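Text of entry.tsv, listed as TSV, C-alpha atoms and all ligand atoms:
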```tsv
chain	number	residue	atom	x	y	z
C	1	MET	CA	27.67	17.35	-1.74
C	2	ASP	CA	31.13	15.74	-1.69
C	3	LYS	CA	31.96	13.43	-4.57
C	4	TRP	CA	30.46	10.15	-3.63
C	5	ASN	CA	32.16	6.86	-4.14
C	6	ILE	CA	30.55	3.45	-3.89
C	7	ASP	CA	33.75	2.20	-2.22
C	8	GLN	CA	32.92	4.20	0.90
C	9	VAL	CA	29.67	2.26	1.42
C	10	PRO	CA	30.05	-0.40	4.14
C	11	SER	CA	28.88	-3.99	3.77
C	12	GLN	CA	25.09	-4.23	3.45
C	13	SER	CA	25.04	-7.86	4.59
C	14	GLY	CA	21.59	-9.15	5.46
C	15	ARG	CA	19.76	-6.71	3.21
C	16	VAL	CA	17.56	-7.73	0.27
C	17	ALA	CA	17.13	-5.84	-3.02
C	18	ILE	CA	14.98	-6.28	-6.10
C	19	VAL	CA	16.27	-4.71	-9.32
C	20	THR	CA	13.86	-4.80	-12.26
C	21	GLY	CA	15.42	-5.15	-15.71
C	22	ALA	CA	18.75	-6.20	-14.21
C	23	ASN	CA	20.06	-8.37	-17.05
C	24	GLY	CA	21.79	-5.47	-18.83
C	25	GLY	CA	22.56	-1.76	-18.84
C	26	LEU	CA	22.05	0.26	-15.69
C	27	GLY	CA	20.07	-2.45	-13.92
C	28	TYR	CA	22.94	-4.90	-14.30
C	29	GLU	CA	25.52	-2.39	-13.03
C	30	THR	CA	23.28	-1.53	-10.10
C	31	ALA	CA	22.77	-5.19	-9.23
C	32	LEU	CA	26.50	-5.91	-9.54
C	33	GLN	CA	27.46	-3.14	-7.13
C	34	LEU	CA	24.75	-4.10	-4.65
C	35	ALA	CA	25.92	-7.73	-4.77
C	36	LYS	CA	29.50	-6.56	-4.15
C	37	LYS	CA	28.18	-4.85	-1.01
C	38	ASP	CA	26.79	-8.21	0.16
C	39	VAL	CA	23.15	-7.36	-0.57
C	40	ARG	CA	21.04	-10.37	-1.51
C	41	VAL	CA	19.98	-9.29	-5.00
C	42	ILE	CA	17.00	-10.48	-7.02
C	43	LEU	CA	17.29	-9.89	-10.75
C	44	ALA	CA	13.66	-9.36	-11.80
C	45	CYS	CA	13.79	-9.93	-15.55
C	46	ARG	CA	11.45	-10.89	-18.35
C	47	ASN	CA	14.02	-13.04	-20.12
C	48	VAL	CA	15.19	-15.86	-17.83
C	49	PRO	CA	18.21	-17.03	-19.92
C	50	LYS	CA	19.49	-13.43	-20.10
C	51	ALA	CA	18.95	-13.05	-16.35
C	52	GLU	CA	20.86	-16.27	-15.65
C	53	LYS	CA	23.75	-15.02	-17.82
C	54	ALA	CA	23.78	-11.77	-15.85
C	55	LYS	CA	23.82	-13.73	-12.62
C	56	ALA	CA	26.76	-15.82	-13.88
C	57	ARG	CA	28.65	-12.64	-14.83
C	58	ILE	CA	28.11	-11.19	-11.35
C	59	VAL	CA	29.18	-14.40	-9.63
C	60	SER	CA	32.27	-14.69	-11.87
C	61	GLN	CA	33.39	-11.22	-10.66
C	62	TYR	CA	32.26	-11.70	-7.09
C	63	PRO	CA	32.04	-15.38	-6.11
C	64	GLU	CA	30.46	-14.57	-2.73
C	65	ALA	CA	27.53	-12.80	-4.39
C	66	GLN	CA	24.09	-13.83	-3.25
C	67	VAL	CA	22.17	-13.25	-6.43
C	68	ARG	CA	19.26	-15.01	-8.08
C	69	SER	CA	16.86	-14.32	-10.91
C	70	MET	CA	13.09	-14.29	-10.73
C	71	PRO	CA	10.90	-13.95	-13.83
C	72	LEU	CA	9.06	-10.66	-14.23
C	73	ASP	CA	7.66	-8.98	-17.30
C	74	VAL	CA	6.82	-5.67	-15.70
C	75	SER	CA	4.50	-4.71	-18.58
C	76	SER	CA	2.07	-7.45	-17.49
C	77	LEU	CA	-0.05	-6.85	-14.38
C	78	ARG	CA	-0.59	-10.59	-14.13
C	79	GLU	CA	3.18	-11.19	-13.93
C	80	VAL	CA	3.63	-8.31	-11.50
C	81	ARG	CA	1.05	-9.88	-9.19
C	82	GLU	CA	2.64	-13.34	-9.51
C	83	PHE	CA	6.10	-11.95	-8.82
C	84	ALA	CA	4.96	-10.00	-5.74
C	85	ALA	CA	3.09	-13.02	-4.38
C	86	GLN	CA	6.11	-15.31	-4.86
C	87	PHE	CA	8.42	-12.76	-3.28
C	88	GLY	CA	6.06	-12.34	-0.32
C	89	ARG	CA	6.07	-16.12	0.26
C	90	GLN	CA	9.86	-16.41	0.13
C	91	TYR	CA	11.21	-13.28	1.82
C	92	ASP	CA	10.39	-11.62	5.11
C	93	ARG	CA	12.06	-8.29	4.27
C	94	LEU	CA	12.68	-5.94	1.36
C	95	ASP	CA	15.28	-3.23	1.86
C	96	LEU	CA	15.65	-1.85	-1.67
C	97	LEU	CA	13.27	-1.84	-4.60
C	98	ILE	CA	14.94	-0.46	-7.72
C	99	ASN	CA	12.30	0.36	-10.34
C	100	ASN	CA	14.68	0.29	-13.28
C	101	ALA	CA	13.27	-1.74	-16.19
C	102	GLY	CA	12.47	0.39	-19.18
C	103	ILE	CA	12.11	0.78	-22.93
C	104	MET	CA	12.54	3.93	-24.99
C	105	MET	CA	10.76	5.14	-28.11
C	106	SER	CA	9.48	1.73	-29.11
C	107	PRO	CA	6.92	1.33	-31.91
C	108	TYR	CA	3.27	1.60	-30.88
C	109	GLN	CA	2.20	-1.51	-29.04
C	110	VAL	CA	-0.64	-2.32	-26.67
C	111	THR	CA	-0.02	-4.67	-23.73
C	112	GLU	CA	-2.25	-7.55	-22.65
C	113	ASP	CA	-3.82	-5.13	-20.16
C	114	GLY	CA	-4.70	-2.70	-22.94
C	115	PHE	CA	-2.03	-0.13	-22.04
C	116	GLU	CA	0.45	1.70	-24.30
C	117	ASN	CA	3.66	-0.29	-23.92
C	118	GLN	CA	6.14	2.42	-22.85
C	119	LEU	CA	3.75	3.68	-20.15
C	120	ALA	CA	2.97	0.13	-19.06
C	121	THR	CA	6.61	-0.97	-18.83
C	122	ASN	CA	8.26	2.14	-17.47
C	123	TYR	CA	5.53	3.32	-15.13
C	124	ILE	CA	2.31	1.35	-14.62
C	125	GLY	CA	3.99	-1.98	-13.85
C	126	HIS	CA	6.27	-0.32	-11.32
C	127	PHE	CA	3.35	1.51	-9.70
C	128	ALA	CA	1.63	-1.86	-9.20
C	129	LEU	CA	4.81	-3.65	-8.14
C	130	THR	CA	5.65	-1.05	-5.50
C	131	GLY	CA	2.13	-1.09	-4.08
C	132	LEU	CA	2.08	-4.88	-3.87
C	133	LEU	CA	5.52	-4.96	-2.20
C	134	LEU	CA	4.72	-2.17	0.25
C	135	PRO	CA	3.98	-4.56	3.15
C	136	SER	CA	7.48	-6.06	2.80
C	137	LEU	CA	9.08	-2.62	2.49
C	138	ALA	CA	7.10	-1.23	5.43
C	139	ARG	CA	8.26	-3.93	7.81
C	140	THR	CA	11.93	-3.42	6.87
C	141	PRO	CA	13.71	-0.61	8.72
C	142	GLY	CA	15.61	1.75	6.43
C	143	SER	CA	13.91	0.51	3.26
C	144	ARG	CA	13.91	2.57	0.06
C	145	VAL	CA	12.20	2.65	-3.32
C	146	VAL	CA	14.32	4.12	-6.11
C	147	THR	CA	12.46	4.90	-9.33
C	148	LEU	CA	14.30	5.66	-12.58
C	149	SER	CA	13.26	8.79	-14.37
C	150	SER	CA	15.16	10.59	-17.12
C	151	LEU	CA	16.04	14.02	-18.43
C	152	SER	CA	13.41	13.14	-21.05
C	153	TYR	CA	10.63	13.70	-18.55
C	154	LYS	CA	10.64	17.24	-19.98
C	155	TRP	CA	9.45	15.94	-23.35
C	156	ALA	CA	5.83	15.57	-22.25
C	157	ARG	CA	3.19	16.26	-19.65
C	158	ILE	CA	0.65	13.70	-18.49
C	159	GLN	CA	-2.02	13.36	-21.18
C	160	PHE	CA	-4.94	12.46	-18.92
C	161	GLU	CA	-7.38	12.68	-21.85
C	162	ASP	CA	-5.41	10.07	-23.79
C	163	LEU	CA	-2.90	8.34	-21.50
C	164	HIS	CA	-2.47	5.44	-23.92
C	165	ALA	CA	-2.04	7.52	-27.08
C	166	ARG	CA	-5.05	6.00	-28.81
C	167	GLN	CA	-5.66	9.27	-30.65
C	168	GLY	CA	-2.13	9.49	-32.05
C	169	TYR	CA	1.22	8.06	-31.00
C	170	SER	CA	4.52	9.86	-30.72
C	171	ARG	CA	7.35	7.55	-29.59
C	172	ARG	CA	9.14	10.48	-28.05
C	173	LYS	CA	6.14	11.90	-26.21
C	174	ALA	CA	5.11	8.48	-24.93
C	175	TYR	CA	8.59	7.96	-23.48
C	176	GLY	CA	8.60	11.47	-22.00
C	177	GLN	CA	5.19	10.94	-20.43
C	178	SER	CA	6.23	7.60	-18.93
C	179	LYS	CA	9.39	9.08	-17.38
C	180	ARG	CA	7.49	12.10	-16.08
C	181	ALA	CA	4.99	9.69	-14.53
C	182	CYS	CA	7.91	7.84	-12.86
C	183	LEU	CA	9.24	11.10	-11.43
C	184	MET	CA	5.86	12.29	-10.17
C	185	PHE	CA	5.18	8.84	-8.73
C	186	ALA	CA	8.44	8.94	-6.76
C	187	TYR	CA	7.58	12.37	-5.35
C	188	GLU	CA	3.96	11.48	-4.58
C	189	LEU	CA	4.96	8.17	-3.00
C	190	HIS	CA	7.27	10.09	-0.68
C	191	ARG	CA	4.45	12.48	0.29
C	192	ARG	CA	2.10	9.58	0.98
C	193	LEU	CA	4.61	7.45	2.88
C	194	SER	CA	5.64	10.28	5.15
C	195	ALA	CA	2.03	11.42	5.73
C	196	ALA	CA	1.08	7.87	6.68
C	197	GLY	CA	4.04	7.41	9.03
C	198	TYR	CA	6.04	4.86	7.05
C	199	GLY	CA	9.83	4.85	7.41
C	200	THR	CA	10.34	3.78	3.79
C	201	LEU	CA	11.95	6.44	1.57
C	202	SER	CA	10.94	7.05	-2.04
C	203	VAL	CA	13.66	8.63	-4.19
C	204	ALA	CA	13.85	9.40	-7.92
C	205	ALA	CA	17.07	9.02	-9.89
C	206	HIS	CA	18.28	9.57	-13.43
C	207	PRO	CA	21.59	8.47	-14.99
C	208	GLY	CA	22.18	11.36	-17.36
C	209	LEU	CA	23.08	9.85	-20.72
C	210	ALA	CA	24.58	6.39	-20.38
C	211	LYS	CA	25.68	3.81	-22.92
C	212	THR	CA	23.21	0.94	-22.71
C	213	ASN	CA	20.82	-0.91	-24.99
C	214	LEU	CA	18.10	1.69	-24.40
C	215	ASP	CA	18.68	3.16	-27.87
C	216	GLN	CA	17.74	-0.12	-29.59
C	217	TYR	CA	14.83	1.53	-31.40
C	218	PHE	CA	16.93	4.44	-32.70
C	219	PRO	CA	17.90	4.40	-36.39
C	220	ALA	CA	21.11	2.35	-36.86
C	221	LEU	CA	22.99	5.37	-38.25
C	222	ILE	CA	22.27	7.54	-35.22
C	223	ARG	CA	23.30	5.04	-32.55
C	224	PRO	CA	27.11	5.40	-32.95
C	225	LEU	CA	26.79	9.23	-33.09
C	226	GLY	CA	24.74	9.28	-29.91
C	227	SER	CA	27.34	7.11	-28.21
C	228	LEU	CA	29.84	9.98	-28.37
C	229	PHE	CA	27.93	11.81	-25.64
C	230	LEU	CA	27.29	8.88	-23.36
C	231	GLN	CA	28.98	7.93	-20.11
C	232	PRO	CA	29.60	4.26	-19.29
C	233	ALA	CA	26.65	2.37	-17.78
C	234	ARG	CA	28.75	1.82	-14.64
C	235	LYS	CA	28.90	5.58	-14.13
C	236	GLY	CA	25.25	6.08	-15.08
C	237	ALA	CA	24.26	3.67	-12.32
C	238	LEU	CA	25.91	5.81	-9.63
C	239	PRO	CA	22.93	8.15	-9.05
C	240	VAL	CA	20.76	5.07	-8.58
C	241	LEU	CA	23.22	3.56	-6.11
C	242	TYR	CA	23.55	6.86	-4.32
C	243	ALA	CA	19.76	7.13	-4.02
C	244	ALA	CA	19.66	3.58	-2.68
C	245	LEU	CA	22.60	3.63	-0.28
C	246	ALA	CA	23.86	7.08	0.69
C	247	GLN	CA	23.21	8.03	4.30
C	248	ASP	CA	22.26	11.65	3.62
C	249	VAL	CA	19.44	10.89	1.15
C	250	LYS	CA	15.96	12.00	2.13
C	251	GLY	CA	12.64	10.91	0.70
C	252	GLY	CA	11.28	12.94	-2.22
C	253	GLU	CA	14.69	13.83	-3.63
C	254	PHE	CA	15.82	13.52	-7.25
C	255	ILE	CA	19.39	12.34	-7.82
C	256	GLY	CA	21.26	12.75	-11.11
C	257	PRO	CA	24.75	13.51	-12.43
C	258	ASP	CA	26.33	16.82	-11.45
C	259	GLY	CA	27.97	17.67	-14.80
C	260	PHE	CA	26.89	19.99	-17.61
C	261	GLY	CA	23.19	19.63	-18.33
C	262	GLU	CA	23.08	16.70	-15.90
C	263	MET	CA	24.26	14.53	-18.79
C	264	ARG	CA	27.27	13.04	-16.99
C	265	GLY	CA	29.14	13.28	-13.74
C	266	ASP	CA	28.94	12.25	-10.13
C	267	PRO	CA	25.70	11.86	-8.15
C	268	ALA	CA	24.10	15.04	-6.88
C	269	ARG	CA	20.68	16.34	-5.89
C	270	VAL	CA	18.97	17.77	-8.96
C	271	ASP	CA	15.83	19.81	-9.43
C	272	SER	CA	12.87	19.30	-11.74
C	273	ASP	CA	10.24	21.57	-13.30
C	274	GLU	CA	7.23	23.00	-11.48
C	275	TYR	CA	4.72	20.72	-13.22
C	276	SER	CA	6.53	17.63	-11.88
C	277	LYS	CA	6.01	18.94	-8.34
C	278	ASP	CA	2.32	19.76	-8.80
C	279	ALA	CA	0.62	17.71	-6.09
C	280	ASN	CA	-2.79	18.01	-7.78
C	281	VAL	CA	-1.52	16.48	-11.00
C	282	ALA	CA	0.28	13.80	-8.99
C	283	ARG	CA	-2.91	12.96	-7.13
C	284	GLN	CA	-4.84	12.68	-10.38
C	285	LEU	CA	-2.15	10.40	-11.81
C	286	TRP	CA	-2.19	8.30	-8.65
C	287	GLN	CA	-5.95	7.82	-8.79
C	288	ALA	CA	-5.79	6.92	-12.48
C	289	SER	CA	-2.98	4.46	-11.72
C	290	GLU	CA	-4.91	2.77	-8.92
C	291	ALA	CA	-7.92	2.44	-11.23
C	292	MET	CA	-5.77	1.05	-14.09
C	293	THR	CA	-3.93	-1.48	-11.94
C	294	GLY	CA	-6.48	-2.37	-9.29
C	295	VAL	CA	-3.63	-1.89	-6.78
C	296	TYR	CA	-4.83	0.44	-4.03
C	297	TYR	CA	-2.17	1.63	-1.61
C	298	PRO	CA	-3.09	1.62	2.08
C	299	ASP	CA	-3.57	5.05	3.69
C	300	GLY	CA	-1.55	4.28	6.78
C	301	LYS	CA	0.45	1.69	8.66
C	302	GLY	CA	-2.62	0.04	10.12
F	401	LIG	N1	20.69	4.88	-20.65
F	401	LIG	C1	20.32	6.14	-20.43
F	401	LIG	O1	20.98	7.09	-20.87
F	401	LIG	C2	19.08	6.43	-19.64
F	401	LIG	C3	18.73	7.78	-19.49
F	401	LIG	C4	17.62	8.08	-18.72
F	401	LIG	C5	16.91	7.08	-18.11
F	401	LIG	N2	17.26	5.77	-18.28
F	401	LIG	C6	16.43	4.75	-17.64
F	401	LIG	O2	17.25	3.74	-17.10
F	401	LIG	C7	16.51	2.51	-17.01
F	401	LIG	C8	17.39	1.36	-17.50
F	401	LIG	O3	17.61	1.54	-18.87
F	401	LIG	P1	19.00	1.20	-19.58
F	401	LIG	O4	19.54	2.47	-20.10
F	401	LIG	O5	19.84	0.35	-18.72
F	401	LIG	O6	18.46	0.39	-20.85
F	401	LIG	P2	18.68	-1.14	-21.32
F	401	LIG	O7	20.11	-1.46	-21.44
F	401	LIG	O8	17.82	-1.26	-22.53
F	401	LIG	O9	18.07	-1.98	-20.11
F	401	LIG	C9	16.69	-2.01	-19.89
F	401	LIG	C10	16.37	-3.21	-19.05
F	401	LIG	O10	14.95	-3.23	-18.85
F	401	LIG	C11	14.48	-4.51	-19.22
F	401	LIG	N3	13.09	-4.51	-19.64
F	401	LIG	C12	12.52	-3.89	-20.70
F	401	LIG	N4	11.21	-4.17	-20.75
F	401	LIG	C13	10.94	-4.99	-19.72
F	401	LIG	C14	9.79	-5.64	-19.23
F	401	LIG	N5	8.60	-5.51	-19.86
F	401	LIG	N6	9.87	-6.40	-18.12
F	401	LIG	C15	11.04	-6.55	-17.48
F	401	LIG	N7	12.19	-5.99	-17.90
F	401	LIG	C16	12.14	-5.21	-18.99
F	401	LIG	C17	15.40	-4.96	-20.32
F	401	LIG	O11	15.29	-6.35	-20.49
F	401	LIG	P3	15.53	-7.07	-21.94
F	401	LIG	O12	17.00	-7.28	-22.04
F	401	LIG	O13	14.74	-8.33	-21.81
F	401	LIG	O14	15.00	-6.14	-22.98
F	401	LIG	C18	16.74	-4.52	-19.73
F	401	LIG	O15	17.15	-5.43	-18.75
F	401	LIG	C19	15.24	2.74	-17.81
F	401	LIG	O16	14.17	2.96	-16.92
F	401	LIG	C20	15.53	4.00	-18.60
F	401	LIG	O17	14.37	4.75	-18.89
F	401	LIG	C21	18.34	5.43	-19.04
```
Could you express the structure from this file as structure tokens?
Ligand SMILES: NC(=O)c1ccc[n+]([C@@H]2O[C@H](COP(=O)([O-])OP(=O)(O)OC[C@H]3O[C@@H](n4cnc5c(N)ncnc54)[C@H](OP(=O)(O)O)[C@@H]3O)[C@@H](O)[C@H]2O)c1
Amino acid sequence: MDKWNIDQVPSQSGRVAIVTGANGGLGYETALQLAKKDVRVILACRNVPKAEKAKARIVSQYPEAQVRSMPLDVSSLREVREFAAQFGRQYDRLDLLINNAGIMMSPYQVTEDGFENQLATNYIGHFALTGLLLPSLARTPGSRVVTLSSLSYKWARIQFEDLHARQGYSRRKAYGQSKRACLMFAYELHRRLSAAGYGTLSVAAHPGLAKTNLDQYFPALIRPLGSLFLQPARKGALPVLYAALAQDVKGGEFIGPDGFGEMRGDPARVDSDEYSKDANVARQLWQASEAMTGVYYPDGKG
């Protein structure tokens, strides 16, 4: 793959994108670049004042930007449903859904739906959101769903016996499981969309290691040390933008940085372990996710 540069992407005028968790970090950088390409961007954020500040920052750099915020706490199925319903009333198309919002290694917490918070935020909410927005995606030619995974997917497998860590919580394993679930969801969504004849692509992406607020739950002493290895958020967002915009992307691919250990670099296709590609595990996760969310994806276009 040649080095890819966002500058080579033509205007995307007329297209609509939702970026979850777009008030900071990778989500903000993704939203900024999409807005610069004339995409109408919705910042789907749980904190409205922060989202409005992000919007103001984008508009100050790019006065023509068509950007707005809409409230969404992705860890709440109620809010996910409200968001999707409001979007469906206001927009007749959805070109890009960027499943970006995330938390890492947070203390044990149970959401209002009874789910472990990292799994709920990083994965379950996005599973529900994508399913509820599928009608809008399906009617939009060239639409894509980009779901953020991480190198940390390797930290855990899916603990079907105890998805919500009720029998013992490891911050690290819970994050790993949630990011593995995101990766397997992106792959399985691709399989299902193509089998059912949808034109929408599902692509996974990871940023390598990027300097953002994701390390907020790390010990204060470790944070500056960790920063030595990180690439800027702007660079970390490139695999996401590539997955969303590059012409040669196919469904079911995983895009990450091309440098040593996939920690930094330019966007490239990357591989993942055998377990992540196990269609039986993916199917089991899908069924569990439908049961947890009450969001059942249609089998086909009709
Ligand atoms: N940075 C990295 O090196 C790295 C590596 C691998 C994967 N990733 C993935 O990249 C994605 C973005 O993370 P980041 O690095 O940009 O971290 P970040 O700077 O902490 O940004 C995370 C964003 O998600 C939002 N968010 C968290 N919980 C939310 C919720 N319940 N509802 C809605 N929004 C919520 C945050 O909003 P608030 O400001 O309100 O908290 C923030 O906007 C995550 O999925 C993460 O797993 C990052």
Check: For the atom pair atom CA of C:Leu119 and atom CA of C:Ser178, what is the interatomic distance in Å to one decimal place?
Finding: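 Atom CA of C:Ser178 lies 4.8 Å from atom CA of C:Leu119.
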Residue with smallest distance to C:His206 - pool C:Val16, C:Val240, C:Cys45, C:Ala84, counting only C-alpha atoms:
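Distance minimum relative to C:His206 lands on C:Val240.
Proximity ranking of C:Leu72, C:Leu214, C:Val281, C:Val145 relative to C:Leu189 places C:Val145 first, based on all atoms listed in the file.
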Next item on the list: Just give me the residues with any atom within 10 Å of (31.0, -7.1, -7.3), file coordinates, counting all atoms listed in the file, written as a ChimeraX atom specification.
Entry: /C:29-38,57-65
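Among the candidate residues C:Asn5, C:Gln167, C:Ser227, C:Thr121, the one lying nearest to ligand LIG 401 (chain F) is C:Thr121, with distances computed using all atoms listed in the file.
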* Extract, using only C-alpha atoms, all DNA, RNA and protein residues at most 8 Å from stretch 288-297 of chain C, discarding same-chain residues fewer than 3 positions from it, and format them as a count of residues only. => 8
Shell around C:Gln159 at 10 Å using all atoms listed in the file, local window under 4 positions removed, as a PyMOL selection string
chain C and resi 163-165+173-174+177+285
Around all the atoms of stretch 189-193 of chain C listed in the file, draw an axis-aligned box and extend it by 6 Å on each of the six sides; I want its centre and edge lengths in Å to one decimal, as AutoDock Vina command-line options.
```
--center_x 4.7 --center_y 10.0 --center_z -0.1 --size_x 17.2 --size_y 17.0 --size_z 17.9
```
The distance between atom CA of C:Ala181 and atom CA of C:Val48 is 27.7 Å
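Of the residues under consideration (C:Ser13, C:Ser106, C:Ser150, C:Ser76), C:Ser150 shows the shortest atom-to-atom contact distance to ligand LIG 401 (chain F) when counting only C-alpha atoms and all ligand atoms.
Of the residues under consideration (C:Leu134, C:Val203, C:Met263, C:Met184), C:Met263 shows the shortest atom-to-atom contact distance to ligand LIG 401 (chain F) when counting all atoms listed in the file.
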Between atom CA of C:Phe83 and atom CA of C:Gly197 lies a distance of 26.4 Å
- Message: I'd like to know which of C:Tyr198, C:Tyr175, C:Trp155, C:Tyr169 is closest to ligand LIG 401 (chain F), using all atoms listed in the file.
- Response: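 Among C:Tyr198, C:Tyr175, C:Trp155, C:Tyr169, it is C:Tyr175 that comes nearest to ligand LIG 401 (chain F).
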Is it possible to get the residues within 8 Å of (-3.8, 2.0, -22.5) (coordinates as in the file, counting all atoms listed in the file) written as a ChimeraX atom specification? /C:110-111,113-117,120,163-166
* Asked: Got a sec: who's within 12 Å of C:Tyr28, counting all atoms listed in the file, leaving out chain neighbours fewer than 2 positions off, as a count of residues only?
  -> 42
Which neighbours of C:Ser136 fall inside 9 Å, counting all atoms listed in the file, when residues of the same chain fewer than 4 positions from it are skipped, and could you give them as a PyMOL selection string? chain C and resi 88+91-95+132+140
